[in-house]
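Novice: Pasting a structure here, questions to come.
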Amino acid sequence: MRKESHLVEETVDPMVPRPFVVRESREETRDAFTLTLEPQEANGAPAFEPGQFNMIYVFGVGEVPVSISGDPRQPEVLVHTVRAVGGVTRALQKLGPGDIVGVRGPFGSAWPVDKAKGKDVVIVTGGIGLAPLRPAVCQILGQREKIGKFALLYGARTPKDILYREQLGQWRSNLDLQVRVTVDNATRDWYGTVGVVTILIHKARFDPANTIAMVCGPEIMMRFVVQELIKERMREQDIYISMERNMKCAVGFCGHCQYGPNFICKDGPVFRFSDVRHLFGLREI
Amino acid sequence: MEKIKDLLMQHPFFKGLPKERLDLLAGCGSNIHFKKGECIFKMGEESNHFYIVRKGRVSLEMDGAQHGPIRVQTIEEGDILGWSWLIPPHKWSFTAFAVEDVNVTALDGQCLRRKCEEDHDLGYELLKRFSAVLAKRLEWTRMQLLDVYGANA
Ligand SMILES: Cc1cc2nc3c(=O)[nH]c(=O)nc-3n(C[C@H](O)[C@H](O)[C@H](O)COP(=O)(O)OP(=O)(O)OC[C@H]3O[C@@H](n4cnc5c(N)ncnc54)[C@H](O)[C@@H]3O)c2cc1C
């Protein structure tokens, strides 16, 4: 699972950002947007694996880690879905076509799509957590015959906060993909499920003894989800989570995101739950 | 009535209850259909039933003052709806609507209370099962309160 520096082209210095041009900025929800970036140089966007992230630099403002949320089968462009929460992400939100950002990456570990061959897959996401898992969904759908049952469970705050509505609708029309969406609360114009994302787990069809679970969302949500998956008799070593904690260098130099022997940036962000159980619930240091 | 008894027998909520007790419960049951958009019960009204949802989706709503009615939970196929029949003053604490066409098996609360008073073992079995449902709903409500996807999450 661990992806070391071989994923970064040998000739590229992982500390030096490459210029990318914003091709499109698309509003997803009231505070989330999707940027499509193209490399300014001719040598193309680097290949990535689902779950990996880039460091995106807004010139004169700062740099933030953001997961890649595009389809790995279409690597010509870089797609990132970002929630505007602070200085750098709000500056990213203001960018439009033709603007330039710096990009370093891709970095980090990947979702275990290969390990899921011959098994069922259940993906449980919440809020912006769907973005880092979208590449995994695309990759699995591209090799659907190798996977058993496949469930995508997604929780959002309200119907207005649902990401990728159109694509969720398309995925739902696939008869071999169980897509279930719930919101924490809604007004009467929402006819779907209301309740926390954990209520969907019991209703999804998968064999807990032969399933890989991929979980991404706010840490509190992931904690409840993991508990529920274990209640459904899944094993801790079959559950993968993404720990998206603050980081700086992204290559394991600076120690900003180090927890004991683990660097979130280079050993993660995707971890097997059984390997990081002890960190789960710990506040950032 | 046989059909209702079969349904209760297959439902996880009643798992482990002996046949004679299921007979007693089935005697309080009837099947009801609610059309899409129909109000099933209103907050504050007397609560005389609990429902086993067999098909469709029911929303539980609260009055969100200036925000209008807020859907706080949906109850779907296989779920149990309603515990107010069990706890005095037996008034509904939410309003429930059929979001889609809904089929339920309704168990009459007064009939059930009478049978529970006559047969405390049955009462205890039902209380244990409803406590588990209530604990789960409380846990979900607490998670909603945390507002994990909110601006400060
Ligand atoms: C590996 C990784 C992948 C990520 N992928 C995505 C993604 O795909 N889309 C996306 O929108 N965000 C993602 N993030 C989070 C993103 O990096 C932060 O939101 C961003 O760094 C905030 O920077 P800022 O300058 O805008 O806000 P700041 O001013 O630094 O912070 C504003 C607020 O956001 C909170 N915050 C900062 N970093 C994080 C974080 N990592 N997680 C939760 N809250 C945070 C702060 O505590 C503060 O309350 C990812 C983070 C990591 C580590």
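Quick note on naming: the chains in the structure tokens go A, B, ... in the order shown, residues restart at 1 in each chain, and ligands are numbered from 1 in order of appearance.
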Any idea what's packed within 9 Å of segment 166-176 of chain A, counting only C-alpha atoms, ignoring anything in its chain fewer than 6 positions away? Could you give it as a ChimeraX atom specification?
Specialist: /A:144,149-151
Novice: Which residues are near ligand 1 in this structure, taking near to mean any atom at most 9 Å from a ligand atom and counting only C-alpha atoms and all ligand atoms? Format them as a count of residues only.
Specialist: 55
Novice: Apply DSSP to the structure's backbone, then extract all residues of segment 40-145 of chain B labelled strand (DSSP E or B) and return them as a ChimeraX atom specification.
Specialist: /B:40-41,46,49-55,57-63,69-76,80-81,91,95-98,102-108
Novice: Can you build me a table of chain B residues sitting at most 6 Å from chain A, with the closest atom pair per residue and its distance in Å to one decimal, using only C-alpha atoms, sorted by chain and residue number, as a Markdown table?
Specialist:
| residue | atom | partner | partner_atom | distance |
| --- | --- | --- | --- | --- |
| B:Ile70 | CA | A:Thr187 | CA | 5.0 |
| B:Arg71 | CA | A:Ala186 | CA | 5.0 |
| B:Val72 | CA | A:Asn185 | CA | 5.0 |
| B:Gln73 | CA | A:Val194 | CA | 4.6 |
| B:Thr74 | CA | A:Val194 | CA | 5.0 |
| B:Tyr149 | CA | A:Gly127 | CA | 5.6 |
Novice: Which of segment 54-279 of chain A counts as helix (DSSP H, G or I) under DSSP, as a PyMOL selection string please?
Specialist: chain A and resi 87-93+114-116+127-142+144-146+159-161+165-172+199-203+208-210+219-231+236-238+264-267+273-276
Novice: Could you jot down the atom CA of Asp108 of chain B to atom CA of Phe50 of chain B separation for me, Å, one decimal place?
Specialist: 6.8 Å
Novice: Pick out the residues sitting within 8 Å of Leu152 of chain A, and hand them over as number ranges by chain; count only C-alpha atoms, and ignore anything fewer than 3 positions along from it in its own chain.
Specialist: A: 122-125, 177-180
Novice: Mind writing the picked residues with N, CA, C and O atoms as a short mmCIF file (atom, residue, chain, number, x, y, z; two decimals), in the first residue's frame?
Specialist:
data_model
loop_
_atom_site.label_atom_id
_atom_site.label_comp_id
_atom_site.auth_asym_id
_atom_site.auth_seq_id
_atom_site.Cartn_x
_atom_site.Cartn_y
_atom_site.Cartn_z
N VAL A 122 -17.18 -1.76 0.20
CA VAL A 122 -18.13 -0.77 0.70
C VAL A 122 -17.36 0.53 0.96
O VAL A 122 -16.33 0.53 1.63
N ILE A 123 -17.85 1.59 0.34
CA ILE A 123 -17.23 2.90 0.49
C ILE A 123 -18.17 3.75 1.33
O ILE A 123 -19.36 3.85 1.01
N VAL A 124 -17.66 4.30 2.42
CA VAL A 124 -18.51 5.14 3.28
C VAL A 124 -17.86 6.52 3.37
O VAL A 124 -16.72 6.64 3.82
N THR A 125 -18.57 7.53 2.91
CA THR A 125 -17.97 8.86 2.90
C THR A 125 -18.93 9.88 3.49
O THR A 125 -20.15 9.66 3.51
N LEU A 177 -24.26 -1.30 -8.72
CA LEU A 177 -23.63 -0.44 -7.71
C LEU A 177 -24.74 0.09 -6.80
O LEU A 177 -25.70 0.72 -7.26
N GLN A 178 -24.64 -0.22 -5.51
CA GLN A 178 -25.64 0.28 -4.57
C GLN A 178 -25.20 1.68 -4.14
O GLN A 178 -24.19 1.82 -3.46
N VAL A 179 -25.94 2.69 -4.55
CA VAL A 179 -25.61 4.06 -4.13
C VAL A 179 -26.69 4.51 -3.16
O VAL A 179 -27.87 4.53 -3.50
N ARG A 180 -26.28 4.84 -1.95
CA ARG A 180 -27.26 5.35 -0.97
C ARG A 180 -26.75 6.65 -0.40
O ARG A 180 -25.59 6.74 0.01
#
Novice: From the list B:Ser131, B:Ser59, B:Gln110, B:Gln144, which residue is nearest Glu46 of chain B when using only C-alpha atoms?
Specialist: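 Among B:Ser131, B:Ser59, B:Gln110, B:Gln144, it is B:Gln110 that comes nearest to Glu46 of chain B.
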Novice: What gap, in Å, lies between atom CA of Glu117 of chain B and atom CA of Phe14 of chain B?
Specialist: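 Computing the Euclidean distance for atom CA of Glu117 of chain B and atom CA of Phe14 of chain B yields 18.6 Å.
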Novice: Work out how far atom CA of Glu38 of chain A is from atom CA of Pro14 of chain A, in Å to one decimal.
Specialist: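 Atom CA of Pro14 of chain A sits 18.3 Å away from atom CA of Glu38 of chain A.
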